[in-house]
Amino acid sequence: MLIALAAVSVAGAAGLAGVLVYYGRDLPDSSQLADYQPPVTTRVYAADGRLMAQYATQNRIFVPVEAIPEMVRQAFISAEDQNFYRHAGVDYRGVVRAVLTNVRNYFDGRRLVGASTITQQVAKNFLVGDEVSMGRKIREALVAFRIESAFSKDEILELYLNEIYLGWNSYGIAAAAMNYFDKSLSELTLAEAAFLAALPKAPSNYHPLRRQEAAIARRNYVIGRMLEDGAITPEAAEEARTAELTVTQRPLTAVLTAPYYSEEVRREIQRDYGSDALYQGGLVVRTSMDPTLQEIAERTLRQGLIDYDRRHGWRGPVDRVDGFDAWPDRLTAIERPAGAGDWQMAVVLEVYGTTARIGLEDRSQGIIPWDELTWGRPWLDGQRVGAEPSTAGAVLTLGDVVLVEPVDGLLAPPAASPGTPADEAGAPLALPAYGLRQIPDVQGALVAMDPHTGRVLAMSGGYSFAMSEFNRATQAARQPGSAFKPLVYLTALENGFTPASILLDTPLAVELDDNMPMWRPDNYAHDYLGPVPMRVGVERSRNIMTVRLLLEQGLESVRDTAARFGVYDDMDLLYSYALGAGEVTPLDLTAAYGMLVNGGEAITPTFVDRIQDRHGETIFRHDTRVCEGCVDIAFAGEEVPALPDIRQAVTDPIAAYQMVSMLEGVVQRGTGARLASLGLPLAGKTGTSNDARDTWFVGFSPDLVVGVYVGFDVPRTLGPREGGATVAAPIFGAFMAEALEG
């Protein structure tokens, strides 16, 4: 008998050893976890610290275990693995308890429970996989033993709490706390921590809104386990059990919306660091964006494009509705056009003499008054317009689907037609007034920059990111027209000319080539001033004076100046380039003007101040200056350390000063004179390409340089009597008036 027993024991031991050897083959190396770096969300912040954008494949915020509150840790331990700090990877008592529980649950028709420890879950999530089989469970247990021998309990818990998926696009507990409750881990209540600890098994089964009863029951189960483990008092447990389960999602206003700026930063990071770093690297990106200036930039550019568009007429309705029996349903079935923003869609229900009654998407009605229709002259080819309307019917017809915006006032329709809201006596009720709106066909860009550092403080690359993600501030190369001329005049200043040097503004013929006719440049207004100071050539944008300077200085000299200022790397040696026939982005031309106002020092436009990796180490810094005296300074009566100026000079500072003075004259007396009424220290230059296809104004105050470009994406004329002074300069002025207020 003893021999038989011994034989059975040996056979059992041999069988167990065989199983362990079989499933222990090619086990993953637990040492991989020592270098584990989970995919972590990259976050982009504005200059004031507010969140701008997030990029991730898994929305995760990695939190070291020592930064996780004890109450939060204990909630997960009580819910998932009560003996976590006592077992060696597998909880044998837990396995026995689970087997007995499952026997009862099987006959009662209830869900079976598992017995995986937190360590086993780490092994499954990181190394083994989640195949449903006995073999996987054995491999999971073996790997769990190895993990326990290689890592401390706290290290294992850190891996677990940062890896688990908790629903609502939340990977790890820090992201879950933010997504469910808009709180950091340290701000969670006991009830909230218990709810999060209830989620690992099946987040969708305990959805806080759709399955709130089940979620509360599971949360209270976790609270009971915490009480059983002695982690909380009976009083705290009772208070937590009776607490409501209230979800508080992060408000949209907590995240700044600057899509063109954010997308430029995203492209830059992806280009320099790769997609893995962008979407999984957990980078912290500090941008140069000033939220106040960014809001002004987007609003003033949009309004400027709208103002131009209204000057050039009404292009017609968004769509049409035939038949009015079910107009609300017909209206809501029409897709909103991209770029509509906060404007509402409406259908024209009735047209009176000078007003129109409309129906809106919410089934309410309104009135478009005459003063909101008078701009609606018919659009004609070439950006011309037809005659002014004399009645509402000249602009709108029944069934037109249009965009509208609420304006002040209440108006009663002149007659109570069928469908008109009326009082008991049948008199038409007063309806809210709406303005007729139209999405501009024209596009533009605005860049605002610190001229001393190159930090881009604000940027808008178009009317609406929803309409087009193409960034006209950084991606659109357009002809600058006369906005390039200051570099020609600067070349002359560097070579001995002064603002008072006399130049001839008289007809000129230039021989280009033996096989080509004479080039006869002309001024915009086809007039001539005779001999006048060079300053006048800048202020009044005289083409012939610019060409005479170019002939005097030579194309090679101007090409060198353009290269030093970052406008063209290798300018074509063509005389037309002196009048702005080349192509440049608004960002580069704005930076060039910044180098003028800062005294002739080179700057590099930058959207990013600093980038830190997931460990807080700085991997990029735009300002590379070293401050020797900045360490351990108290600033209590001490002198502020002087920082070195490492910028390279791109021109003589006296020439830069003279050029700035001449550009001030543009605002005071020249083509930008409409800006003088602002009463601000401004300088700048208008620019209009041939046939008014591209219009510009680039200018500055002592500490802010701004470039504005307006034109069509497929270049065509902006219309008669339009140019940099009428299209771009008003946008520049509106931005500066607010940006420099006070």
# chains A, B, ... in the order shown; residues from 1 in each chain; ligands from 1

call {"tool": "residues_around", "arguments": {"residues": "A:Leu331", "least_positions_apart": "4", "cutoff": "12 Å", "atoms": "only C-alpha atoms", "output": "PyMOL selection string"}}
result
chain A and resi 318-327+335-336+344-349+358-363+399-403

call {"tool": "residues_around", "arguments": {"residues": "A:Pro428", "least_positions_apart": "3", "cutoff": "7 Å", "atoms": "only C-alpha atoms", "output": "PDB file with N, CA and C atoms, in the first residue's frame"}}
result
ATOM      1  N   ALA A 412     -43.089  92.527 -35.922  1.00  0.00           N
ATOM      2  CA  ALA A 412     -44.306  91.791 -36.276  1.00  0.00           C
ATOM      3  C   ALA A 412     -44.446  91.760 -37.786  1.00  0.00           C
ATOM      4  N   PRO A 413     -44.768  90.604 -38.364  1.00  0.00           N
ATOM      5  CA  PRO A 413     -45.021  90.556 -39.811  1.00  0.00           C
ATOM      6  C   PRO A 413     -46.162  91.508 -40.170  1.00  0.00           C
ATOM      7  N   ALA A 415     -48.575  91.052 -42.108  1.00  0.00           N
ATOM      8  CA  ALA A 415     -49.863  90.383 -42.315  1.00  0.00           C
ATOM      9  C   ALA A 415     -49.829  89.001 -41.688  1.00  0.00           C
ATOM     10  N   ALA A 416     -51.015  88.550 -41.233  1.00  0.00           N
ATOM     11  CA  ALA A 416     -51.122  87.234 -40.598  1.00  0.00           C
ATOM     12  C   ALA A 416     -51.500  86.195 -41.643  1.00  0.00           C
ATOM     13  N   THR A 420     -48.433  81.966 -39.822  1.00  0.00           N
ATOM     14  CA  THR A 420     -47.808  83.048 -39.055  1.00  0.00           C
ATOM     15  C   THR A 420     -48.279  82.981 -37.613  1.00  0.00           C
ATOM     16  N   PRO A 421     -47.387  82.988 -36.632  1.00  0.00           N
ATOM     17  CA  PRO A 421     -47.820  83.020 -35.226  1.00  0.00           C
ATOM     18  C   PRO A 421     -48.697  84.243 -34.968  1.00  0.00           C
ATOM     19  N   ALA A 422     -49.866  84.031 -34.351  1.00  0.00           N
ATOM     20  CA  ALA A 422     -50.811  85.124 -34.126  1.00  0.00           C
ATOM     21  C   ALA A 422     -51.407  85.021 -32.737  1.00  0.00           C
ATOM     22  N   ASP A 423     -51.970  86.157 -32.255  1.00  0.00           N
ATOM     23  CA  ASP A 423     -52.633  86.155 -30.954  1.00  0.00           C
ATOM     24  C   ASP A 423     -54.074  85.684 -31.126  1.00  0.00           C
TER      25      ASP A 423
END

call {"tool": "residues_around", "arguments": {"residues": "A:Asn59", "least_positions_apart": "6", "cutoff": "8 Å", "atoms": "only C-alpha atoms", "output": "mmCIF file with C-alpha atoms, in the first residue's frame"}}
result
data_model
loop_
_atom_site.group_PDB
_atom_site.id
_atom_site.type_symbol
_atom_site.label_atom_id
_atom_site.label_comp_id
_atom_site.auth_asym_id
_atom_site.auth_seq_id
_atom_site.Cartn_x
_atom_site.Cartn_y
_atom_site.Cartn_z
ATOM 1 C CA VAL A 40 0.785 58.063 -22.491
ATOM 2 C CA THR A 41 -1.172 61.045 -23.809
ATOM 3 C CA ASN A 169 -11.560 56.120 -23.174
ATOM 4 C CA SER A 170 -9.750 55.974 -19.830
ATOM 5 C CA TYR A 171 -6.509 54.012 -19.550
ATOM 6 C CA ALA A 175 -7.383 59.442 -16.809
#

call {"tool": "select_by_dssp", "arguments": {"residues": "stretch 208-423 of chain A", "states": "strand (DSSP E or B)", "output": "PyMOL selection string"}}
result
chain A and resi 255+281+284-287+314+319-320+344-351+356-360+365-368+378-380+384-385+400-411+422

call {"tool": "closest_atom_pairs", "arguments": {"of": "stretch 535-625 of chain A", "to": "stretch 710-727 of chain A", "cutoff": "12 Å", "atoms": "only C-alpha atoms", "output": "JSON lines"}}
result
{"residue": "A:Arg540", "atom": "CA", "partner": "A:Ala725", "partner_atom": "CA", "distance": 11.2}
{"residue": "A:Ser541", "atom": "CA", "partner": "A:Ala725", "partner_atom": "CA", "distance": 11.2}
{"residue": "A:Thr585", "atom": "CA", "partner": "A:Val710", "partner_atom": "CA", "distance": 11.9}
{"residue": "A:Pro586", "atom": "CA", "partner": "A:Val710", "partner_atom": "CA", "distance": 10.1}

call {"tool": "closest_residue", "arguments": {"among": "A:Leu188, A:Ala562, A:Val608, A:Ala150", "to": "A:Ser262", "atoms": "only C-alpha atoms"}}
result
A:Val608

call {"tool": "closest_residue", "arguments": {"among": "A:Thr117, A:Gln58, A:Gln553, A:Thr391", "to": "A:Ile77", "atoms": "only C-alpha atoms"}}
result
A:Thr117

call {"tool": "closest_residue", "arguments": {"among": "A:Ile147, A:Val666, A:Met289, A:Ile223", "to": "A:Thr257", "atoms": "only C-alpha atoms"}}
result
A:Met289

call {"tool": "closest_residue", "arguments": {"among": "A:Ala448, A:Leu504, A:Glu738, A:Ala655", "to": "A:Gly707", "atoms": "only C-alpha atoms"}}
result
A:Ala448

call {"tool": "select_by_dssp", "arguments": {"residues": "stretch 166-294 of chain A", "states": "alpha helix (DSSP H)", "output": "MDAnalysis selection string"}}
result
chainID A and resid 173:181 190:197 212:228 234:241 259:273 275:280 291:294

call {"tool": "residues_around", "arguments": {"residues": "A:Ser78", "least_positions_apart": "4", "cutoff": "9 Å", "atoms": "only C-alpha atoms", "output": "PDB file with C-alpha atoms, in the first residue's frame"}}
result
ATOM      1  CA  ARG A  73      -4.856  52.102  -3.828  1.00  0.00           C
ATOM      2  CA  GLN A  74      -6.775  50.341  -1.101  1.00  0.00           C
ATOM      3  CA  GLN A  82      -7.464  41.414  -0.760  1.00  0.00           C
ATOM      4  CA  ASN A  83      -4.316  39.392  -0.053  1.00  0.00           C
ATOM      5  CA  PHE A  84      -2.141  41.339  -2.508  1.00  0.00           C
ATOM      6  CA  ALA A 197     -12.296  50.281  -8.371  1.00  0.00           C
ATOM      7  CA  VAL A 222     -16.272  47.565  -3.044  1.00  0.00           C
ATOM      8  CA  ILE A 223     -17.001  49.807  -0.063  1.00  0.00           C
ATOM      9  CA  GLY A 224     -18.060  46.711   1.895  1.00  0.00           C
ATOM     10  CA  ARG A 225     -14.816  44.944   0.993  1.00  0.00           C
ATOM     11  CA  MET A 226     -12.831  47.991   2.170  1.00  0.00           C
ATOM     12  CA  LEU A 227     -14.730  47.935   5.461  1.00  0.00           C
ATOM     13  CA  GLU A 228     -14.113  44.203   5.816  1.00  0.00           C
ATOM     14  CA  ASP A 229     -10.369  44.814   5.279  1.00  0.00           C
ATOM     15  CA  ALA A 231      -9.337  50.180   5.457  1.00  0.00           C
TER      16      ALA A 231
END
